>>> print(open('run01.cif').read())   # mmCIF, N, CA and C atoms
data_structure
#
loop_
_atom_site.group_PDB
_atom_site.id
_atom_site.type_symbol
_atom_site.label_atom_id
_atom_site.label_comp_id
_atom_site.auth_asym_id
_atom_site.auth_seq_id
_atom_site.Cartn_x
_atom_site.Cartn_y
_atom_site.Cartn_z
ATOM 1 N N MET A 26 -12.259 13.375 -5.154
ATOM 2 C CA MET A 26 -11.836 12.159 -4.511
ATOM 3 C C MET A 26 -10.709 12.472 -3.530
ATOM 4 N N LEU A 27 -10.796 11.954 -2.346
ATOM 5 C CA LEU A 27 -9.778 12.116 -1.318
ATOM 6 C C LEU A 27 -8.621 11.176 -1.612
ATOM 7 N N LYS A 28 -7.405 11.711 -1.632
ATOM 8 C CA LYS A 28 -6.218 10.893 -1.828
ATOM 9 C C LYS A 28 -5.516 10.755 -0.492
ATOM 10 N N LEU A 29 -5.374 9.528 -0.045
ATOM 11 C CA LEU A 29 -4.781 9.226 1.247
ATOM 12 C C LEU A 29 -3.272 9.359 1.187
ATOM 13 N N GLN A 30 -2.679 9.956 2.216
ATOM 14 C CA GLN A 30 -1.231 10.065 2.339
ATOM 15 C C GLN A 30 -0.850 9.635 3.746
ATOM 16 N N LEU A 31 0.019 8.609 3.842
ATOM 17 C CA LEU A 31 0.449 8.085 5.130
ATOM 18 C C LEU A 31 1.964 7.982 5.180
ATOM 19 N N LYS A 32 2.545 8.214 6.340
ATOM 20 C CA LYS A 32 3.990 8.098 6.509
ATOM 21 C C LYS A 32 4.368 6.930 7.412
ATOM 22 N N SER A 33 3.525 6.542 8.342
ATOM 23 C CA SER A 33 3.801 5.411 9.215
ATOM 24 C C SER A 33 2.524 4.604 9.381
ATOM 25 N N CYS A 34 2.616 3.323 9.114
ATOM 26 C CA CYS A 34 1.418 2.478 9.111
ATOM 27 C C CYS A 34 1.715 1.134 9.775
ATOM 28 N N ARG A 35 2.322 1.130 10.910
ATOM 29 C CA ARG A 35 2.699 -0.113 11.572
ATOM 30 C C ARG A 35 1.486 -0.827 12.162
ATOM 31 N N GLU A 36 1.477 -2.164 11.934
ATOM 32 C CA GLU A 36 0.441 -3.030 12.507
ATOM 33 C C GLU A 36 -0.972 -2.653 12.069
ATOM 34 N N VAL A 37 -1.137 -2.203 10.822
ATOM 35 C CA VAL A 37 -2.452 -1.811 10.309
ATOM 36 C C VAL A 37 -2.985 -2.910 9.390
ATOM 37 N N ASP A 38 -4.271 -3.223 9.508
ATOM 38 C CA ASP A 38 -4.906 -4.205 8.640
ATOM 39 C C ASP A 38 -5.638 -3.463 7.523
ATOM 40 N N PHE A 39 -5.081 -3.536 6.310
ATOM 41 C CA PHE A 39 -5.677 -2.874 5.155
ATOM 42 C C PHE A 39 -6.548 -3.820 4.340
ATOM 43 N N SER A 40 -6.952 -4.944 4.898
ATOM 44 C CA SER A 40 -7.765 -5.922 4.172
ATOM 45 C C SER A 40 -9.030 -5.294 3.611
ATOM 46 N N ALA A 41 -9.270 -5.540 2.321
ATOM 47 C CA ALA A 41 -10.456 -5.079 1.596
ATOM 48 C C ALA A 41 -10.571 -3.556 1.504
ATOM 49 N N ALA A 42 -9.496 -2.836 1.792
ATOM 50 C CA ALA A 42 -9.527 -1.371 1.705
ATOM 51 C C ALA A 42 -9.299 -0.915 0.261
ATOM 52 N N ASP A 43 -9.854 0.233 -0.085
ATOM 53 C CA ASP A 43 -9.605 0.850 -1.382
ATOM 54 C C ASP A 43 -8.626 1.996 -1.162
ATOM 55 N N LEU A 44 -7.372 1.777 -1.532
ATOM 56 C CA LEU A 44 -6.314 2.769 -1.347
ATOM 57 C C LEU A 44 -5.862 3.339 -2.690
ATOM 58 N N THR A 45 -6.777 3.350 -3.653
ATOM 59 C CA THR A 45 -6.493 3.873 -4.988
ATOM 60 C C THR A 45 -5.898 5.272 -4.901
ATOM 61 N N ASP A 46 -4.806 5.495 -5.644
ATOM 62 C CA ASP A 46 -4.119 6.789 -5.718
ATOM 63 C C ASP A 46 -3.489 7.227 -4.402
ATOM 64 N N GLY A 47 -3.375 6.350 -3.424
ATOM 65 C CA GLY A 47 -2.768 6.717 -2.148
ATOM 66 C C GLY A 47 -1.283 7.010 -2.288
ATOM 67 N N ASN A 48 -0.779 7.912 -1.464
ATOM 68 C CA ASN A 48 0.638 8.255 -1.460
ATOM 69 C C ASN A 48 1.254 7.721 -0.171
ATOM 70 N N PHE A 49 2.071 6.680 -0.324
ATOM 71 C CA PHE A 49 2.712 6.037 0.814
ATOM 72 C C PHE A 49 4.235 6.103 0.682
ATOM 73 N N GLU A 50 4.721 7.087 -0.055
ATOM 74 C CA GLU A 50 6.150 7.223 -0.310
ATOM 75 C C GLU A 50 6.905 7.359 1.014
ATOM 76 N N GLY A 51 7.862 6.441 1.219
ATOM 77 C CA GLY A 51 8.682 6.467 2.418
ATOM 78 C C GLY A 51 8.018 5.930 3.674
ATOM 79 N N ALA A 52 6.802 5.422 3.575
ATOM 80 C CA ALA A 52 6.083 4.929 4.759
ATOM 81 C C ALA A 52 6.645 3.595 5.246
ATOM 82 N N ASP A 53 6.510 3.335 6.531
ATOM 83 C CA ASP A 53 6.932 2.082 7.151
ATOM 84 C C ASP A 53 5.683 1.247 7.422
ATOM 85 N N PHE A 54 5.613 0.053 6.814
ATOM 86 C CA PHE A 54 4.447 -0.816 6.932
ATOM 87 C C PHE A 54 4.723 -2.052 7.793
ATOM 88 N N GLU A 55 5.627 -1.948 8.751
ATOM 89 C CA GLU A 55 5.985 -3.089 9.582
ATOM 90 C C GLU A 55 4.746 -3.702 10.242
ATOM 91 N N GLY A 56 4.551 -5.002 9.999
ATOM 92 C CA GLY A 56 3.439 -5.721 10.604
ATOM 93 C C GLY A 56 2.078 -5.466 9.978
ATOM 94 N N SER A 57 2.032 -4.681 8.916
ATOM 95 C CA SER A 57 0.747 -4.376 8.279
ATOM 96 C C SER A 57 0.323 -5.492 7.329
ATOM 97 N N LYS A 58 -0.984 -5.620 7.136
ATOM 98 C CA LYS A 58 -1.557 -6.705 6.337
ATOM 99 C C LYS A 58 -2.282 -6.130 5.129
ATOM 100 N N PHE A 59 -2.002 -6.705 3.956
ATOM 101 C CA PHE A 59 -2.695 -6.347 2.723
ATOM 102 C C PHE A 59 -3.353 -7.614 2.183
ATOM 103 N N TYR A 60 -4.660 -7.626 2.079
ATOM 104 C CA TYR A 60 -5.389 -8.772 1.532
ATOM 105 C C TYR A 60 -6.646 -8.247 0.847
ATOM 106 N N LYS A 61 -6.763 -8.548 -0.435
ATOM 107 C CA LYS A 61 -7.875 -8.055 -1.252
ATOM 108 C C LYS A 61 -7.960 -6.524 -1.181
ATOM 109 N N THR A 62 -6.793 -5.886 -1.159
ATOM 110 C CA THR A 62 -6.685 -4.437 -1.071
ATOM 111 C C THR A 62 -6.507 -3.853 -2.464
ATOM 112 N N ASN A 63 -7.232 -2.783 -2.772
ATOM 113 C CA ASN A 63 -7.091 -2.113 -4.060
ATOM 114 C C ASN A 63 -6.003 -1.049 -3.929
ATOM 115 N N LEU A 64 -4.872 -1.297 -4.584
ATOM 116 C CA LEU A 64 -3.723 -0.397 -4.540
ATOM 117 C C LEU A 64 -3.464 0.217 -5.921
ATOM 118 N N THR A 65 -4.494 0.322 -6.725
ATOM 119 C CA THR A 65 -4.371 0.879 -8.067
ATOM 120 C C THR A 65 -3.765 2.276 -8.014
ATOM 121 N N SER A 66 -2.701 2.472 -8.771
ATOM 122 C CA SER A 66 -2.009 3.766 -8.902
ATOM 123 C C SER A 66 -1.449 4.310 -7.585
ATOM 124 N N ALA A 67 -1.289 3.460 -6.595
ATOM 125 C CA ALA A 67 -0.727 3.903 -5.314
ATOM 126 C C ALA A 67 0.790 4.074 -5.436
ATOM 127 N N ASN A 68 1.347 5.004 -4.672
ATOM 128 C CA ASN A 68 2.773 5.293 -4.681
ATOM 129 C C ASN A 68 3.424 4.669 -3.443
ATOM 130 N N PHE A 69 4.230 3.622 -3.668
ATOM 131 C CA PHE A 69 4.955 2.953 -2.596
ATOM 132 C C PHE A 69 6.466 3.146 -2.747
ATOM 133 N N ARG A 70 6.897 4.163 -3.500
ATOM 134 C CA ARG A 70 8.331 4.386 -3.677
ATOM 135 C C ARG A 70 8.977 4.673 -2.322
ATOM 136 N N LYS A 71 10.091 4.012 -2.103
ATOM 137 C CA LYS A 71 10.881 4.144 -0.876
ATOM 138 C C LYS A 71 10.139 3.692 0.380
ATOM 139 N N ALA A 72 8.980 3.057 0.232
ATOM 140 C CA ALA A 72 8.264 2.501 1.387
ATOM 141 C C ALA A 72 9.005 1.253 1.866
ATOM 142 N N THR A 73 8.905 0.961 3.160
ATOM 143 C CA THR A 73 9.620 -0.184 3.720
ATOM 144 C C THR A 73 8.668 -1.144 4.425
ATOM 145 N N ASN A 74 9.142 -2.376 4.556
ATOM 146 C CA ASN A 74 8.456 -3.428 5.313
ATOM 147 C C ASN A 74 7.065 -3.776 4.791
ATOM 148 N N HIS A 75 6.808 -3.545 3.523
ATOM 149 C CA HIS A 75 5.509 -3.942 2.969
ATOM 150 C C HIS A 75 5.649 -5.300 2.293
ATOM 151 N N HIS A 76 4.679 -6.144 2.525
ATOM 152 C CA HIS A 76 4.642 -7.477 1.939
ATOM 153 C C HIS A 76 3.295 -7.596 1.234
ATOM 154 N N ILE A 77 3.310 -7.322 -0.068
ATOM 155 C CA ILE A 77 2.075 -7.264 -0.846
ATOM 156 C C ILE A 77 2.059 -8.412 -1.845
ATOM 157 N N ASP A 78 1.140 -9.329 -1.670
ATOM 158 C CA ASP A 78 0.996 -10.480 -2.559
ATOM 159 C C ASP A 78 0.224 -10.039 -3.801
ATOM 160 N N VAL A 79 0.867 -10.125 -4.963
ATOM 161 C CA VAL A 79 0.226 -9.687 -6.210
ATOM 162 C C VAL A 79 -0.935 -10.591 -6.617
ATOM 163 N N ARG A 80 -1.030 -11.766 -6.013
ATOM 164 C CA ARG A 80 -2.133 -12.678 -6.338
ATOM 165 C C ARG A 80 -3.415 -12.346 -5.584
ATOM 166 N N THR A 81 -3.312 -11.649 -4.465
ATOM 167 C CA THR A 81 -4.500 -11.381 -3.646
ATOM 168 C C THR A 81 -4.821 -9.895 -3.502
ATOM 169 N N ASN A 82 -4.058 -9.045 -4.192
ATOM 170 C CA ASN A 82 -4.274 -7.600 -4.138
ATOM 171 C C ASN A 82 -4.255 -7.015 -5.546
ATOM 172 N N THR A 83 -4.944 -5.919 -5.755
ATOM 173 C CA THR A 83 -4.955 -5.227 -7.048
ATOM 174 C C THR A 83 -3.873 -4.156 -7.008
ATOM 175 N N ILE A 84 -2.858 -4.282 -7.898
ATOM 176 C CA ILE A 84 -1.747 -3.331 -7.886
ATOM 177 C C ILE A 84 -1.526 -2.673 -9.252
ATOM 178 N N LYS A 85 -2.545 -2.642 -10.081
ATOM 179 C CA LYS A 85 -2.430 -2.057 -11.417
ATOM 180 C C LYS A 85 -1.912 -0.617 -11.326
ATOM 181 N N LYS A 86 -0.838 -0.334 -12.046
ATOM 182 C CA LYS A 86 -0.213 0.987 -12.146
ATOM 183 C C LYS A 86 0.365 1.498 -10.828
ATOM 184 N N ALA A 87 0.515 0.617 -9.834
ATOM 185 C CA ALA A 87 1.141 1.043 -8.575
ATOM 186 C C ALA A 87 2.618 1.299 -8.808
ATOM 187 N N GLN A 88 3.182 2.225 -8.057
ATOM 188 C CA GLN A 88 4.595 2.571 -8.164
ATOM 189 C C GLN A 88 5.330 1.956 -6.974
ATOM 190 N N LEU A 89 6.240 1.032 -7.287
ATOM 191 C CA LEU A 89 6.980 0.322 -6.247
ATOM 192 C C LEU A 89 8.476 0.480 -6.471
ATOM 193 N N SER A 90 9.249 0.525 -5.419
ATOM 194 C CA SER A 90 10.715 0.552 -5.507
ATOM 195 C C SER A 90 11.243 -0.862 -5.443
ATOM 196 N N ALA A 91 12.410 -1.062 -6.019
ATOM 197 C CA ALA A 91 13.049 -2.383 -5.967
ATOM 198 C C ALA A 91 13.733 -2.580 -4.635
#
>>> encode(input="run01.cif", output="structure tokens")
Amino acid sequence: MLKLQLKSCREVDFSAADLTDGNFEGADFEGSKFYKTNLTSANFRKATNHHIDVRTNTIKKAQLSA
């Protein structure tokens, strides 16, 4: 399985994408959209500007920073 790793993701539409196990540590998500996105076990530690609605996205076991 390919594991996606991104560092800058500005203005990207991730709607309906499967980003399972993705590594987005430290990435900038300014203007990016998450809707019905599978973020299972994804790493978002130290990522910035992400607005992920837990009601419309799958975030089971995702790693998020406060």
>>> resolve_selection(input="run01.cif", expression="the PyMOL selection byres ((chain A and resi 66) around 8)", output="PyMOL selection string")
chain A and resi 44-48+63-65+67-69+83-88
>>> residues_around(input="run01.cif", residues="Asn74 (chain A)", least_positions_apart="2", cutoff="7 Å", atoms="only N, CA and C atoms", output="ChimeraX atom specification")
/A:52-57,72,76
>>> write_last_selection(input="run01.cif", atoms="N, CA and C atoms", output="compact mmCIF listing (two decimals), keeping the file's coordinate frame")
# COMPACT_ATOMS: atom_id res chain seq x y z
N ALA A 52 6.80 5.42 3.58
CA ALA A 52 6.08 4.93 4.76
C ALA A 52 6.64 3.60 5.25
N ASP A 53 6.51 3.34 6.53
CA ASP A 53 6.93 2.08 7.15
C ASP A 53 5.68 1.25 7.42
N PHE A 54 5.61 0.05 6.81
CA PHE A 54 4.45 -0.82 6.93
C PHE A 54 4.72 -2.05 7.79
N GLU A 55 5.63 -1.95 8.75
CA GLU A 55 5.98 -3.09 9.58
C GLU A 55 4.75 -3.70 10.24
N GLY A 56 4.55 -5.00 10.00
CA GLY A 56 3.44 -5.72 10.60
C GLY A 56 2.08 -5.47 9.98
N SER A 57 2.03 -4.68 8.92
CA SER A 57 0.75 -4.38 8.28
C SER A 57 0.32 -5.49 7.33
N ALA A 72 8.98 3.06 0.23
CA ALA A 72 8.26 2.50 1.39
C ALA A 72 9.01 1.25 1.87
N HIS A 76 4.68 -6.14 2.52
CA HIS A 76 4.64 -7.48 1.94
C HIS A 76 3.30 -7.60 1.23
>>> atom_distance(input="run01.cif", atom1="CA of Thr81 (chain A)", atom2="CA of Phe59 (chain A)")
8.3 Å
>>> atom_distance(input="run01.cif", atom1="atom C of Ala42 (chain A)", atom2="atom N of Gln30 (chain A)")
12.9 Å
>>> select_by_dssp(input="run01.cif", residues="chain A", states="strand (DSSP E or B)", output="list in words")
Gln30, Ser33, Asp38, Asp43, Asn48, Asp53, Lys58, Asn63, Asn68, Phe69, Thr73, Thr83, Gln88 and Leu89 of chain A
>>> residues_near_point(input="run01.cif", point="(-5.2, -7.1, 10.5)", cutoff="7 Å", atoms="only C-alpha atoms", output="ChimeraX atom specification")
/A:37-40,57-58
>>> atom_distance(input="run01.cif", atom1="CA of Ala41 (chain A)", atom2="CA of Arg70 (chain A)")
21.7 Å
>>> closest_residue(input="run01.cif", among="A:Thr62, A:Ile77, A:Leu31, A:Asn82", to="Phe49 (chain A)", atoms="all atoms listed in the file")
A:Leu31
>>> closest_residue(input="run01.cif", among="A:Tyr60, A:Gly51, A:Leu89, A:Leu29", to="Thr73 (chain A)", atoms="only C-alpha atoms")
A:Gly51
>>> axis_aligned_box(input="run01.cif", around="region 63-74 of chain A", padding_each_side="3 Å", output="JSON")
{"center_x": 1.8, "center_y": 0.8, "center_z": -1.8, "size_x": 24.1, "size_y": 15.1, "size_z": 20.2}
>>> build_atoms(input="run01.cif", residues="region 28-46 of chain A", atoms="N, CA, C and O atoms", output="CSV table (one decimal), keeping the file's coordinate frame")
chain,number,residue,atom,x,y,z
A,28,LYS,N,-7.4,11.7,-1.6
A,28,LYS,CA,-6.2,10.9,-1.8
A,28,LYS,C,-5.5,10.8,-0.5
A,28,LYS,O,-5.1,11.7,0.1
A,29,LEU,N,-5.4,9.5,0.0
A,29,LEU,CA,-4.8,9.2,1.2
A,29,LEU,C,-3.3,9.4,1.2
A,29,LEU,O,-2.6,8.9,0.2
A,30,GLN,N,-2.7,10.0,2.2
A,30,GLN,CA,-1.2,10.1,2.3
A,30,GLN,C,-0.8,9.6,3.7
A,30,GLN,O,-1.3,10.2,4.7
A,31,LEU,N,0.0,8.6,3.8
A,31,LEU,CA,0.4,8.1,5.1
A,31,LEU,C,2.0,8.0,5.2
A,31,LEU,O,2.6,7.7,4.2
A,32,LYS,N,2.5,8.2,6.3
A,32,LYS,CA,4.0,8.1,6.5
A,32,LYS,C,4.4,6.9,7.4
A,32,LYS,O,5.4,6.4,7.3
A,33,SER,N,3.5,6.5,8.3
A,33,SER,CA,3.8,5.4,9.2
A,33,SER,C,2.5,4.6,9.4
A,33,SER,O,1.5,5.2,9.7
A,34,CYS,N,2.6,3.3,9.1
A,34,CYS,CA,1.4,2.5,9.1
A,34,CYS,C,1.7,1.1,9.8
A,34,CYS,O,1.4,0.1,9.2
A,35,ARG,N,2.3,1.1,10.9
A,35,ARG,CA,2.7,-0.1,11.6
A,35,ARG,C,1.5,-0.8,12.2
A,35,ARG,O,0.6,-0.2,12.8
A,36,GLU,N,1.5,-2.2,11.9
A,36,GLU,CA,0.4,-3.0,12.5
A,36,GLU,C,-1.0,-2.7,12.1
A,36,GLU,O,-1.9,-2.8,12.8
A,37,VAL,N,-1.1,-2.2,10.8
A,37,VAL,CA,-2.5,-1.8,10.3
A,37,VAL,C,-3.0,-2.9,9.4
A,37,VAL,O,-2.3,-3.5,8.6
A,38,ASP,N,-4.3,-3.2,9.5
A,38,ASP,CA,-4.9,-4.2,8.6
A,38,ASP,C,-5.6,-3.5,7.5
A,38,ASP,O,-6.7,-2.8,7.8
A,39,PHE,N,-5.1,-3.5,6.3
A,39,PHE,CA,-5.7,-2.9,5.2
A,39,PHE,C,-6.5,-3.8,4.3
A,39,PHE,O,-6.9,-3.5,3.2
A,40,SER,N,-7.0,-4.9,4.9
A,40,SER,CA,-7.8,-5.9,4.2
A,40,SER,C,-9.0,-5.3,3.6
A,40,SER,O,-9.7,-4.6,4.3
A,41,ALA,N,-9.3,-5.5,2.3
A,41,ALA,CA,-10.5,-5.1,1.6
A,41,ALA,C,-10.6,-3.6,1.5
A,41,ALA,O,-11.6,-3.0,1.2
A,42,ALA,N,-9.5,-2.8,1.8
A,42,ALA,CA,-9.5,-1.4,1.7
A,42,ALA,C,-9.3,-0.9,0.3
A,42,ALA,O,-8.6,-1.6,-0.5
A,43,ASP,N,-9.9,0.2,-0.1
A,43,ASP,CA,-9.6,0.8,-1.4
A,43,ASP,C,-8.6,2.0,-1.2
A,43,ASP,O,-9.0,3.0,-0.7
A,44,LEU,N,-7.4,1.8,-1.5
A,44,LEU,CA,-6.3,2.8,-1.3
A,44,LEU,C,-5.9,3.3,-2.7
A,44,LEU,O,-4.7,3.8,-2.8
A,45,THR,N,-6.8,3.4,-3.7
A,45,THR,CA,-6.5,3.9,-5.0
A,45,THR,C,-5.9,5.3,-4.9
A,45,THR,O,-6.4,6.1,-4.2
A,46,ASP,N,-4.8,5.5,-5.6
A,46,ASP,CA,-4.1,6.8,-5.7
A,46,ASP,C,-3.5,7.2,-4.4
A,46,ASP,O,-3.1,8.4,-4.3
